[in-house]
$ cat structure.tsv   # TSV, C-alpha atoms
chain	number	residue	atom	x	y	z
A	1339	MET	CA	30.43	28.92	15.34
A	1340	PRO	CA	27.57	31.12	16.60
A	1341	PRO	CA	25.08	29.51	18.97
A	1342	SER	CA	21.66	28.50	17.64
A	1343	SER	CA	18.86	30.98	18.18
A	1344	PRO	CA	16.25	30.13	20.83
A	1345	SER	CA	13.66	29.39	18.15
A	1346	GLU	CA	16.00	26.89	16.47
A	1347	ASN	CA	16.63	25.18	19.78
A	1348	ILE	CA	12.92	25.00	20.49
A	1349	LEU	CA	12.11	23.62	17.06
A	1350	GLN	CA	14.86	21.02	17.39
A	1351	THR	CA	13.46	19.96	20.75
A	1352	LEU	CA	9.97	19.82	19.25
A	1353	ALA	CA	11.17	17.61	16.38
A	1354	GLU	CA	12.66	15.19	18.91
A	1355	GLN	CA	9.40	15.23	20.87
A	1356	ILE	CA	7.38	14.51	17.73
A	1357	LYS	CA	9.47	11.41	17.06
A	1358	ARG	CA	9.09	10.25	20.64
A	1359	TRP	CA	5.33	10.88	20.64
A	1360	GLY	CA	4.99	9.04	17.34
A	1361	LYS	CA	6.67	5.93	18.68
A	1362	GLU	CA	4.51	6.09	21.81
A	1363	MET	CA	1.46	6.05	19.51
A	1364	GLY	CA	2.57	2.92	17.69
A	1365	PHE	CA	4.58	4.28	14.77
A	1366	GLN	CA	7.89	2.53	14.27
A	1367	ALA	CA	9.65	5.53	12.70
A	1368	ILE	CA	9.11	9.25	12.15
A	1369	GLY	CA	11.05	11.46	9.74
A	1370	ILE	CA	10.80	15.11	8.72
A	1371	THR	CA	11.52	16.57	5.29
A	1372	ASP	CA	11.00	19.66	3.14
A	1373	THR	CA	8.68	19.85	0.13
A	1374	GLU	CA	11.12	19.82	-2.79
A	1375	LEU	CA	10.14	16.97	-5.11
A	1376	ALA	CA	11.20	18.22	-8.56
A	1377	SER	CA	12.97	15.01	-9.62
A	1378	HIS	CA	10.06	12.85	-8.47
A	1379	GLU	CA	7.63	15.15	-10.28
A	1380	ALA	CA	9.52	14.61	-13.53
A	1381	GLN	CA	9.53	10.83	-13.03
A	1382	LEU	CA	5.80	10.82	-12.32
A	1383	GLN	CA	5.02	12.83	-15.44
A	1384	HIS	CA	7.16	10.53	-17.59
A	1385	TRP	CA	5.30	7.50	-16.17
A	1386	LEU	CA	1.94	9.11	-16.88
A	1387	ASP	CA	2.96	10.18	-20.39
A	1388	LYS	CA	3.78	6.55	-21.19
A	1389	GLY	CA	0.32	5.46	-20.03
A	1390	LEU	CA	1.69	3.04	-17.46
A	1391	HIS	CA	-0.98	4.04	-14.92
A	1392	GLY	CA	-3.80	2.26	-16.76
A	1393	GLU	CA	-7.16	3.22	-15.24
A	1394	LEU	CA	-5.55	4.93	-12.23
A	1395	ASN	CA	-6.89	8.22	-13.54
A	1396	TYR	CA	-6.56	9.90	-10.15
A	1397	MET	CA	-2.77	9.78	-10.61
A	1398	ALA	CA	-3.09	12.25	-13.49
A	1399	GLN	CA	-5.48	14.59	-11.70
A	1400	HIS	CA	-4.91	17.57	-9.39
A	1401	GLY	CA	-2.21	19.19	-11.52
A	1402	ASN	CA	1.06	19.46	-9.61
A	1403	LYS	CA	-0.51	19.21	-6.15
A	1404	ARG	CA	0.74	15.63	-5.80
A	1405	SER	CA	4.38	16.66	-6.15
A	1406	ARG	CA	4.13	20.16	-4.67
A	1407	PRO	CA	2.78	19.93	-1.11
A	1408	GLU	CA	2.61	23.70	-0.77
A	1409	GLU	CA	0.05	23.79	-3.59
A	1410	LEU	CA	-2.13	21.14	-1.97
A	1411	ILE	CA	-2.00	22.83	1.45
A	1412	PRO	CA	-0.82	26.45	1.11
A	1413	GLY	CA	1.87	27.39	3.57
A	1414	THR	CA	3.27	23.87	3.93
A	1415	LEU	CA	6.98	23.94	4.72
A	1416	ARG	CA	7.59	20.51	6.17
A	1417	VAL	CA	6.18	17.01	5.92
A	1418	ILE	CA	6.25	14.66	8.90
A	1419	SER	CA	6.37	11.11	7.53
A	1420	ALA	CA	5.37	8.17	9.71
A	1421	ARG	CA	5.88	4.41	9.33
A	1422	MET	CA	3.68	1.68	10.82
A	1423	ASP	CA	4.58	-1.99	10.32
A	1424	TYR	CA	1.84	-4.49	9.41
A	1425	LEU	CA	3.53	-7.89	9.05
A	1426	THR	CA	1.78	-10.50	11.20
A	1427	VAL	CA	3.15	-13.77	12.50
A	1428	ASP	CA	-0.09	-15.64	11.80
A	1429	ALA	CA	-0.39	-14.75	8.11
A	1430	LYS	CA	0.17	-18.17	6.52
A	1431	GLU	CA	1.31	-17.07	3.10
A	1432	THR	CA	3.32	-20.24	2.56
A	1433	ASN	CA	0.20	-22.33	3.06
A	1434	ALA	CA	-1.61	-20.55	0.25
A	1435	ARG	CA	1.48	-20.72	-1.94
A	1436	GLU	CA	1.74	-24.49	-1.59
A	1437	HIS	CA	-1.97	-25.22	-1.99
A	1438	SER	CA	-3.41	-23.57	-5.07
A	1439	ASP	CA	-6.97	-24.36	-3.98
A	1440	HIS	CA	-6.39	-21.85	-1.16
A	1441	ALA	CA	-6.81	-18.12	-1.64
A	1442	ARG	CA	-3.88	-15.72	-1.51
A	1443	VAL	CA	-4.71	-12.30	-0.12
A	1444	SER	CA	-2.11	-9.57	0.18
A	1445	ARG	CA	-0.85	-9.37	3.76
A	1446	TYR	CA	-1.90	-5.75	4.24
A	1447	ALA	CA	-5.54	-6.60	3.49
A	1448	MET	CA	-6.00	-9.55	5.85
A	1449	GLY	CA	-6.88	-7.35	8.81
A	1450	ARG	CA	-8.89	-4.18	9.20
A	1451	ASP	CA	-8.46	-1.30	6.79
A	1452	TYR	CA	-5.38	0.61	7.86
A	1453	HIS	CA	-6.61	4.05	6.77
A	1454	LYS	CA	-8.82	4.74	9.78
A	1455	LEU	CA	-6.37	3.47	12.38
A	1456	ILE	CA	-3.38	5.40	11.05
A	1457	ARG	CA	-5.37	8.56	10.36
A	1458	LYS	CA	-6.56	8.57	13.99
A	1459	ARG	CA	-3.01	8.14	15.27
A	1460	LEU	CA	-1.72	10.92	13.01
A	1461	ALA	CA	-4.57	13.20	14.13
A	1462	ARG	CA	-3.61	12.59	17.76
A	1463	LEU	CA	0.01	13.34	16.95
A	1464	ALA	CA	-0.99	16.53	15.16
A	1465	GLU	CA	-3.05	17.60	18.18
A	1466	LYS	CA	-0.03	17.17	20.45
A	1467	ILE	CA	2.07	19.23	18.05
A	1468	GLU	CA	-0.60	21.94	17.94
A	1469	HIS	CA	-0.77	22.07	21.72
A	1470	ALA	CA	3.00	22.29	21.98
A	1471	THR	CA	3.24	25.07	19.40
A	1472	GLN	CA	0.75	27.22	21.23
A	1473	GLN	CA	3.60	27.80	23.63
A	1474	LEU	CA	5.97	28.89	20.85
A	1475	SER	CA	4.20	32.11	19.92
A	1476	ALA	CA	6.28	34.05	22.43
A	1477	HIS	CA	9.36	32.97	20.50
A	1478	GLY	CA	8.08	34.14	17.15
A	1479	ALA	CA	6.97	30.80	15.75
A	1480	PRO	CA	4.06	30.90	13.30
A	1481	THR	CA	0.62	29.65	14.20
A	1482	ASN	CA	0.71	25.96	13.50
A	1483	GLN	CA	-1.39	24.37	10.81
A	1484	PHE	CA	-1.42	20.70	9.94
A	1485	ARG	CA	-3.16	18.15	7.77
A	1486	ALA	CA	-2.86	14.39	8.07
A	1487	PHE	CA	-2.97	12.04	5.07
A	1488	VAL	CA	-2.99	8.26	4.71
A	1489	ASP	CA	-3.21	7.30	1.04
A	1490	SER	CA	-6.19	9.64	0.90
A	1491	ALA	CA	-5.07	12.65	-1.16
A	1492	PRO	CA	-2.70	13.54	-4.02
A	1493	VAL	CA	0.51	12.96	-2.07
A	1494	LEU	CA	3.79	11.36	-3.24
A	1495	GLU	CA	4.03	9.37	-0.04
A	1496	ARG	CA	6.98	7.15	-0.89
A	1497	ALA	CA	9.02	10.03	-2.27
A	1498	LEU	CA	8.41	12.10	0.86
A	1499	ALA	CA	9.20	9.15	3.13
A	1500	GLU	CA	12.43	8.54	1.23
A	1501	LYS	CA	13.44	12.19	1.65
A	1502	ALA	CA	12.54	11.97	5.35
A	1503	GLY	CA	15.02	9.13	5.82
A	1504	LEU	CA	12.55	6.27	6.29
A	1505	GLY	CA	14.08	4.19	3.50
A	1506	TRP	CA	14.73	4.17	-0.23
A	1507	ILE	CA	12.48	3.43	-3.19
A	1508	GLY	CA	13.57	0.04	-4.50
A	1509	LYS	CA	13.50	-1.58	-7.90
A	1510	ASN	CA	9.99	-2.85	-7.13
A	1511	THR	CA	8.90	0.81	-6.53
A	1512	MET	CA	8.24	0.00	-2.86
A	1513	LEU	CA	9.79	1.96	-0.01
A	1514	ILE	CA	12.35	-0.30	1.67
A	1515	SER	CA	14.00	0.12	5.07
A	1516	ARG	CA	17.30	-1.54	5.93
A	1517	ASN	CA	15.90	-2.24	9.38
A	1518	ALA	CA	12.33	-3.20	8.55
A	1519	GLY	CA	12.01	-4.35	4.94
A	1520	SER	CA	8.86	-3.07	3.21
A	1521	TYR	CA	5.86	-4.51	5.03
A	1522	PHE	CA	4.68	-1.20	6.42
A	1523	PHE	CA	2.21	1.63	5.85
A	1524	ILE	CA	3.17	5.28	5.66
A	1525	GLY	CA	1.24	8.46	6.39
A	1526	GLU	CA	2.03	12.15	6.57
A	1527	ILE	CA	1.34	15.37	8.40
A	1528	TYR	CA	1.75	18.57	6.38
A	1529	THR	CA	2.73	21.53	8.52
A	1530	ASN	CA	3.93	25.11	8.17
A	1531	LEU	CA	6.35	24.72	11.09
A	1532	PRO	CA	9.97	25.18	9.91
A	1533	LEU	CA	11.11	22.05	11.73
A	1534	PRO	CA	14.67	20.78	11.21
A	1535	ILE	CA	14.73	18.16	8.48
A	1536	ASP	CA	16.22	14.68	8.59
A	1537	ALA	CA	18.86	13.45	6.21
A	1538	PRO	CA	17.56	11.08	3.53
A	1539	ASP	CA	18.99	7.63	3.11
A	1540	ASP	CA	20.56	8.77	-0.15
A	1541	GLN	CA	22.16	5.44	-0.94
A	1542	ASN	CA	20.19	2.85	-2.90
A	1543	HIS	CA	20.72	-0.53	-1.26
A	1544	CYS	CA	19.23	-2.75	-3.98
A	1545	GLY	CA	22.61	-3.21	-5.60
A	1546	LYS	CA	22.62	-5.76	-8.42
A	1547	CYS	CA	19.72	-7.73	-6.92
A	1548	THR	CA	16.78	-8.36	-9.27
A	1549	ALA	CA	14.82	-10.79	-7.07
A	1550	CYS	CA	11.66	-8.67	-7.13
A	1551	LEU	CA	11.74	-8.21	-10.90
A	1552	ASP	CA	12.31	-11.90	-11.48
A	1553	ALA	CA	9.55	-12.92	-9.07
A	1554	CYS	CA	6.75	-10.86	-10.65
A	1555	PRO	CA	4.25	-13.42	-12.03
A	1556	THR	CA	3.05	-11.10	-14.82
A	1557	GLN	CA	6.40	-9.45	-15.59
A	1558	ALA	CA	4.87	-6.07	-14.77
A	1559	PHE	CA	8.18	-4.22	-14.45
A	1560	VAL	CA	9.18	-2.39	-17.61
A	1561	SER	CA	12.61	-1.91	-16.06
A	1562	PRO	CA	14.01	-1.51	-12.55
A	1563	TYR	CA	12.02	1.19	-10.70
A	1564	VAL	CA	9.36	1.35	-13.45
A	1565	LEU	CA	6.07	-0.54	-13.01
A	1566	ASP	CA	3.46	-1.05	-15.72
A	1567	ALA	CA	0.37	-0.91	-13.51
A	1568	LYS	CA	-1.73	-2.51	-16.25
A	1569	LYS	CA	0.10	-5.79	-15.69
A	1570	CYS	CA	0.39	-5.62	-11.89
A	1571	ILE	CA	-1.74	-8.20	-10.07
A	1572	SER	CA	-2.64	-5.68	-7.37
A	1573	TYR	CA	-4.01	-3.39	-10.07
A	1574	LEU	CA	-5.77	-6.22	-11.90
A	1575	THR	CA	-7.50	-7.62	-8.79
A	1576	ILE	CA	-8.28	-4.34	-7.02
A	1577	GLU	CA	-8.27	-1.28	-9.27
A	1578	LEU	CA	-9.39	-2.72	-12.61
A	1579	LYS	CA	-13.18	-2.81	-12.80
A	1580	GLY	CA	-13.63	-4.58	-16.12
A	1581	SER	CA	-12.34	-7.81	-17.59
A	1582	ILE	CA	-8.88	-9.05	-16.71
A	1583	PRO	CA	-6.89	-9.53	-19.95
A	1584	GLU	CA	-6.90	-13.23	-20.84
A	1585	GLU	CA	-3.14	-13.48	-21.19
A	1586	LEU	CA	-2.73	-12.33	-17.58
A	1587	ARG	CA	-5.29	-14.64	-15.96
A	1588	ALA	CA	-3.14	-17.78	-15.72
A	1589	PRO	CA	-0.14	-15.94	-14.17
A	1590	ILE	CA	-2.45	-14.59	-11.45
A	1591	GLY	CA	-2.63	-18.09	-10.00
A	1592	ASN	CA	-4.60	-18.15	-6.75
A	1593	ARG	CA	-4.10	-14.46	-5.88
A	1594	ILE	CA	-7.55	-12.97	-5.34
A	1595	PHE	CA	-6.71	-9.58	-3.80
A	1596	GLY	CA	-3.35	-7.98	-4.33
A	1597	CYS	CA	0.07	-9.61	-4.61
A	1598	ASP	CA	3.11	-9.62	-2.35
A	1599	ASP	CA	5.58	-11.44	-4.58
A	1600	CYS	CA	7.82	-8.43	-5.22
A	1601	GLN	CA	8.01	-7.96	-1.44
A	1602	SER	CA	8.22	-11.55	-0.25
A	1603	SER	CA	11.13	-12.12	-2.65
A	1604	CYS	CA	13.05	-9.07	-1.40
A	1605	PRO	CA	16.06	-10.03	0.76
A	1606	TRP	CA	15.57	-6.95	2.91
A	1607	ASN	CA	12.29	-8.35	4.25
A	1608	ARG	CA	14.23	-10.80	6.37
A	1609	PHE	CA	14.50	-7.79	8.68
A	1610	ALA	CA	10.74	-7.16	8.73
A	1611	LYS	CA	9.41	-7.22	12.27
A	1612	PRO	CA	5.99	-8.63	13.20
A	1613	THR	CA	3.43	-6.17	14.52
A	1614	ASP	CA	1.30	-6.63	17.60
A	1615	GLU	CA	-1.42	-4.26	16.34
A	1616	PRO	CA	-4.69	-6.19	16.84
A	1617	ASP	CA	-6.34	-4.52	13.83
A	1618	PHE	CA	-3.70	-5.91	11.45
A	1619	GLN	CA	-4.21	-9.55	12.47
A	1620	PRO	CA	-5.96	-11.80	9.89
A	1621	ARG	CA	-9.74	-11.83	10.06
A	1622	HIS	CA	-12.33	-14.38	8.90
A	1623	GLY	CA	-9.61	-16.96	8.30
A	1624	LEU	CA	-8.36	-15.14	5.22
A	1625	ASP	CA	-4.87	-16.52	5.74
A	1626	THR	CA	-6.12	-20.11	5.38
A	1627	ALA	CA	-9.34	-19.71	3.37
A	1628	GLN	CA	-10.18	-22.04	0.50
A	1629	LEU	CA	-11.24	-20.56	-2.83
A	1630	ILE	CA	-14.51	-22.50	-3.01
A	1631	ASP	CA	-15.62	-21.26	0.42
A	1632	LEU	CA	-14.98	-17.63	-0.53
A	1633	PHE	CA	-16.65	-18.11	-3.93
A	1634	ASN	CA	-19.79	-19.25	-2.12
A	1635	TRP	CA	-20.12	-15.98	-0.20
A	1636	SER	CA	-23.36	-14.18	-0.99
A	1637	LYS	CA	-23.29	-10.44	-1.47
A	1638	GLU	CA	-24.55	-10.10	2.11
A	1639	ASP	CA	-21.72	-12.33	3.33
A	1640	PHE	CA	-19.22	-10.23	1.41
A	1641	LEU	CA	-20.50	-6.96	2.81
A	1642	GLU	CA	-20.61	-8.32	6.36
A	1643	ARG	CA	-17.19	-9.98	6.34
A	1644	THR	CA	-15.38	-7.17	4.57
A	1645	ALA	CA	-16.79	-4.42	6.78
A	1646	GLY	CA	-13.84	-2.26	7.80
A	1647	SER	CA	-11.59	-4.10	5.34
A	1648	ALA	CA	-9.57	-2.90	2.36
A	1649	ILE	CA	-11.09	-5.80	0.40
A	1650	ARG	CA	-14.28	-3.78	0.00
A	1651	ARG	CA	-12.38	-1.81	-2.66
A	1652	SER	CA	-12.70	-4.65	-5.18
A	1653	GLY	CA	-16.49	-4.76	-4.82
A	1654	TYR	CA	-18.50	-7.98	-4.80
A	1655	GLU	CA	-18.41	-8.35	-8.58
A	1656	GLY	CA	-14.63	-7.93	-8.61
A	1657	TRP	CA	-14.33	-10.40	-5.73
A	1658	LEU	CA	-16.20	-13.11	-7.66
A	1659	ARG	CA	-14.31	-12.28	-10.86
A	1660	ASN	CA	-10.97	-12.70	-9.08
A	1661	ILE	CA	-11.95	-15.98	-7.43
A	1662	ALA	CA	-13.29	-17.34	-10.71
A	1663	VAL	CA	-9.86	-16.75	-12.26
A	1664	ALA	CA	-8.16	-18.42	-9.28
A	1665	LEU	CA	-10.51	-21.41	-9.54
A	1666	GLY	CA	-9.66	-21.62	-13.23
A	1667	ASN	CA	-6.03	-21.95	-12.16
A	1668	ALA	CA	-6.74	-24.45	-9.36
A	1669	PRO	CA	-6.24	-28.21	-9.71
A	1670	SER	CA	-9.17	-29.66	-11.63
A	1671	SER	CA	-11.67	-31.41	-9.37
A	1672	ILE	CA	-15.39	-32.05	-9.18
A	1673	PRO	CA	-15.90	-29.53	-6.30
A	1674	VAL	CA	-14.05	-26.80	-8.22
A	1675	ILE	CA	-16.02	-27.41	-11.41
A	1676	GLU	CA	-19.34	-27.58	-9.55
A	1677	ALA	CA	-18.59	-24.33	-7.72
A	1678	LEU	CA	-17.90	-22.62	-11.03
A	1679	LYS	CA	-21.06	-24.03	-12.60
A	1680	GLN	CA	-23.09	-22.53	-9.78
A	1681	ARG	CA	-22.00	-19.08	-10.98
A	1682	ARG	CA	-22.32	-19.81	-14.70
A	1683	ASP	CA	-25.57	-17.81	-14.91
A	1684	ASP	CA	-24.53	-15.03	-12.53
A	1685	SER	CA	-26.29	-11.70	-13.06
A	1686	SER	CA	-22.93	-10.01	-13.77
A	1687	ASP	CA	-21.55	-10.12	-17.30
A	1688	ILE	CA	-18.04	-9.82	-15.87
A	1689	VAL	CA	-18.48	-12.77	-13.51
A	1690	ARG	CA	-20.05	-14.94	-16.23
A	1691	GLU	CA	-17.18	-14.18	-18.60
A	1692	HIS	CA	-14.51	-15.21	-16.11
A	1693	VAL	CA	-16.45	-18.28	-14.97
A	1694	ALA	CA	-16.74	-19.40	-18.60
A	1695	TRP	CA	-12.99	-18.94	-19.02
A	1696	ALA	CA	-12.31	-20.95	-15.88
A	1697	LEU	CA	-14.62	-23.80	-16.93
A	1698	ASP	CA	-12.98	-23.86	-20.35
A	1699	ARG	CA	-9.58	-24.15	-18.65
A	1700	HIS	CA	-10.75	-27.25	-16.79
A	1701	SER	CA	-12.26	-28.79	-19.90
A	1702	THR	CA	-8.90	-28.60	-21.65
A	1703	LEU	CA	-6.66	-29.67	-18.75

$ encode --input "structure.tsv" --output "structure tokens"
Amino acid sequence: MPPSSPSENILQTLAEQIKRWGKEMGFQAIGITDTELASHEAQLQHWLDKGLHGELNYMAQHGNKRSRPEELIPGTLRVISARMDYLTVDAKETNAREHSDHARVSRYAMGRDYHKLIRKRLARLAEKIEHATQQLSAHGAPTNQFRAFVDSAPVLERALAEKAGLGWIGKNTMLISRNAGSYFFIGEIYTNLPLPIDAPDDQNHCGKCTACLDACPTQAFVSPYVLDAKKCISYLTIELKGSIPEELRAPIGNRIFGCDDCQSSCPWNRFAKPTDEPDFQPRHGLDTAQLIDLFNWSKEDFLERTAGSAIRRSGYEGWLRNIAVALGNAPSSIPVIEALKQRRDDSSDIVREHVAWALDRHSTL
């Protein structure tokens, strides 16, 4: 077998360095893949054609750039995929589960918004790669170009991470790792460097398990691996800007921002490892907060306490709408009813509608 060329040796060494640098910067795993996503492109188009994306109009935009990295960033040959865990020891999900007068917030949103932190880390990693590749020109390597993304552009992040060997896409459409479950963020660096690629984890490890499908409160899964976003609680409480369909309000329970049920029910998350990233730790007592206290936030309170938080995405009106639904599902009590009455004449049509629904629920309980 002929020996590898010097450039291949150098690129292999660089790939190993990239993975080491990534872990030094707080990423738990780094994988490298090519840009071929034809099968995922077909699945995406089928999902869009069936209208399962609801109001996620951005999923249908940008042509094929989402599934063809080289069209988004010309010259892209490889994608460096990075994983950062976000599970925290202090997130008291069980407390909110057991007490329906408490608010349930998706684990990823309890701390600071992950976008800025991960983008900074990826930018630092890209800078180190750029510096290293300046030394490759003598060996015929191309001038390096890179672009970092963290849920911020038309990128099929989970598909790329799966190809890069970071896990497999499970029946709940989440990326799952045998070693770390699914409580993690992913980000990418697009580059024109012809780095050696990693082998994908080409075996699906979900088996016959349907725990995630069975656990979904709104039965949002059309079938294994196919999610109807219009029924997903994360979509309803974050992305949807209008009224939540009445038939889906009761199943939402006390979830006011996102939903982790298809993750918390997954057996593979017994391997999820807690993070020590300070920015991911719960803020403002969101892991123990009571619905009435959050419902009493003024707009100024909301803006102050959600600064640097993913919760800002729902907007203040959406925040009150979501909590009104949760209060409608809470045990009937004088404090709950009085809190709802305080918002009965809210300036927002959306808030008033959901408050009226919640009050009607208590009048019939």

$ residues_around --input "structure.tsv" --residues "Leu1697 in chain A" --least-positions-apart "3" --cutoff "12 Å" --atoms "all atoms listed in the file" --output "list of chain:residue names"
A:Ala1662, A:Val1663, A:Ala1664, A:Leu1665, A:Gly1666, A:Asn1667, A:Ala1668, A:Pro1669, A:Ser1670, A:Ser1671, A:Ile1672, A:Val1674, A:Ile1675, A:Glu1676, A:Ala1677, A:Leu1678, A:Lys1679, A:Gln1680, A:Arg1681, A:Arg1682, A:Arg1690, A:Glu1691, A:His1692, A:Val1693, A:Ala1694, A:His1700, A:Ser1701, A:Thr1702, A:Leu1703

$ residues_near_point --input "structure.tsv" --point "(-15.2, -10.9, -18.2)" --cutoff "12 Å" --atoms "only C-alpha atoms" --output "compact mmCIF listing (two decimals) with C-alpha atoms, keeping the file's coordinate frame"
# COMPACT_ATOMS: atom_id res chain seq x y z
CA LEU A 1578 -9.39 -2.72 -12.61
CA LYS A 1579 -13.18 -2.81 -12.80
CA GLY A 1580 -13.63 -4.58 -16.12
CA SER A 1581 -12.34 -7.81 -17.59
CA ILE A 1582 -8.88 -9.05 -16.71
CA PRO A 1583 -6.89 -9.53 -19.95
CA GLU A 1584 -6.90 -13.23 -20.84
CA ARG A 1587 -5.29 -14.64 -15.96
CA GLU A 1655 -18.41 -8.35 -8.58
CA GLY A 1656 -14.63 -7.93 -8.61
CA LEU A 1658 -16.20 -13.11 -7.66
CA ARG A 1659 -14.31 -12.28 -10.86
CA ASN A 1660 -10.97 -12.70 -9.08
CA ALA A 1662 -13.29 -17.34 -10.71
CA VAL A 1663 -9.86 -16.75 -12.26
CA ARG A 1682 -22.32 -19.81 -14.70
CA ASP A 1684 -24.53 -15.03 -12.53
CA SER A 1686 -22.93 -10.01 -13.77
CA ASP A 1687 -21.55 -10.12 -17.30
CA ILE A 1688 -18.04 -9.82 -15.87
CA VAL A 1689 -18.48 -12.77 -13.51
CA ARG A 1690 -20.05 -14.94 -16.23
CA GLU A 1691 -17.18 -14.18 -18.60
CA HIS A 1692 -14.51 -15.21 -16.11
CA VAL A 1693 -16.45 -18.28 -14.97
CA ALA A 1694 -16.74 -19.40 -18.60
CA TRP A 1695 -12.99 -18.94 -19.02
CA ALA A 1696 -12.31 -20.95 -15.88

$ atom_distance --input "structure.tsv" --atom1 "CA of Tyr1528 in chain A" --atom2 "CA of Asp1372 in chain A"
9.9 Å

$ atom_distance --input "structure.tsv" --atom1 "CA of Glu1526 in chain A" --atom2 "CA of Lys1403 in chain A"
14.8 Å

$ residues_around --input "structure.tsv" --residues "Leu1629 in chain A" --least-positions-apart "3" --cutoff "7 Å" --atoms "all atoms listed in the file" --output "list in words"
Asp1439, His1440, Ala1441, Leu1632, Phe1633, Ile1661 and Leu1665 of chain A

$ residues_around --input "structure.tsv" --residues "range 1514-1516 of chain A" --least-positions-apart "2" --cutoff "8 Å" --atoms "only C-alpha atoms" --output "list in words"
Leu1504, Gly1505, Trp1506, Ile1507, Gly1508, Met1512, Ala1518, Gly1519, Ser1520, Trp1606 and Phe1609 of chain A

$ atom_distance --input "structure.tsv" --atom1 "CA of Phe1640 in chain A" --atom2 "CA of Ala1558 in chain A"
29.3 Å

$ decode --input "structure.tsv" --residues "range 1625-1676 of chain A" --atoms "C-alpha atoms" --output "tab-separated table (two decimals), in the first residue's frame"
chain	number	residue	atom	x	y	z
A	1625	ASP	CA	-36.45	25.78	37.54
A	1626	THR	CA	-38.69	26.36	40.58
A	1627	ALA	CA	-40.85	29.34	39.52
A	1628	GLN	CA	-44.58	29.42	40.18
A	1629	LEU	CA	-46.93	30.29	37.34
A	1630	ILE	CA	-48.63	33.15	39.20
A	1631	ASP	CA	-45.30	34.86	39.92
A	1632	LEU	CA	-44.28	34.72	36.26
A	1633	PHE	CA	-47.74	35.86	35.14
A	1634	ASN	CA	-47.32	38.96	37.28
A	1635	TRP	CA	-44.19	40.07	35.44
A	1636	SER	CA	-44.62	43.44	33.77
A	1637	LYS	CA	-43.25	43.94	30.29
A	1638	GLU	CA	-40.25	45.67	31.87
A	1639	ASP	CA	-39.72	42.67	34.16
A	1640	PHE	CA	-39.91	40.33	31.18
A	1641	LEU	CA	-37.39	42.31	29.16
A	1642	GLU	CA	-35.01	42.63	32.10
A	1643	ARG	CA	-35.17	39.01	33.24
A	1644	THR	CA	-35.01	37.49	29.77
A	1645	ALA	CA	-32.07	39.59	28.61
A	1646	GLY	CA	-29.62	37.19	27.00
A	1647	SER	CA	-32.18	34.38	27.18
A	1648	ALA	CA	-33.80	32.24	24.49
A	1649	ILE	CA	-37.14	33.00	26.17
A	1650	ARG	CA	-37.13	36.40	24.48
A	1651	ARG	CA	-38.13	34.55	21.31
A	1652	SER	CA	-41.70	34.08	22.54
A	1653	GLY	CA	-42.16	37.81	23.14
A	1654	TYR	CA	-44.05	39.25	26.10
A	1655	GLU	CA	-47.46	38.63	24.54
A	1656	GLY	CA	-46.57	35.00	23.85
A	1657	TRP	CA	-45.20	34.65	27.38
A	1658	LEU	CA	-48.50	35.79	28.92
A	1659	ARG	CA	-50.50	33.68	26.47
A	1660	ASN	CA	-48.54	30.57	27.43
A	1661	ILE	CA	-48.86	31.18	31.17
A	1662	ALA	CA	-52.58	31.86	30.83
A	1663	VAL	CA	-52.98	28.41	29.27
A	1664	ALA	CA	-50.89	26.84	32.04
A	1665	LEU	CA	-52.98	28.61	34.69
A	1666	GLY	CA	-56.08	27.28	32.98
A	1667	ASN	CA	-54.64	23.81	33.48
A	1668	ALA	CA	-53.54	24.44	37.09
A	1669	PRO	CA	-55.54	23.28	40.12
A	1670	SER	CA	-58.43	25.66	40.68
A	1671	SER	CA	-57.78	28.09	43.53
A	1672	ILE	CA	-58.62	31.65	44.49
A	1673	PRO	CA	-55.05	32.93	43.78
A	1674	VAL	CA	-55.06	31.33	40.31
A	1675	ILE	CA	-58.47	32.77	39.43
A	1676	GLU	CA	-57.58	36.21	40.78
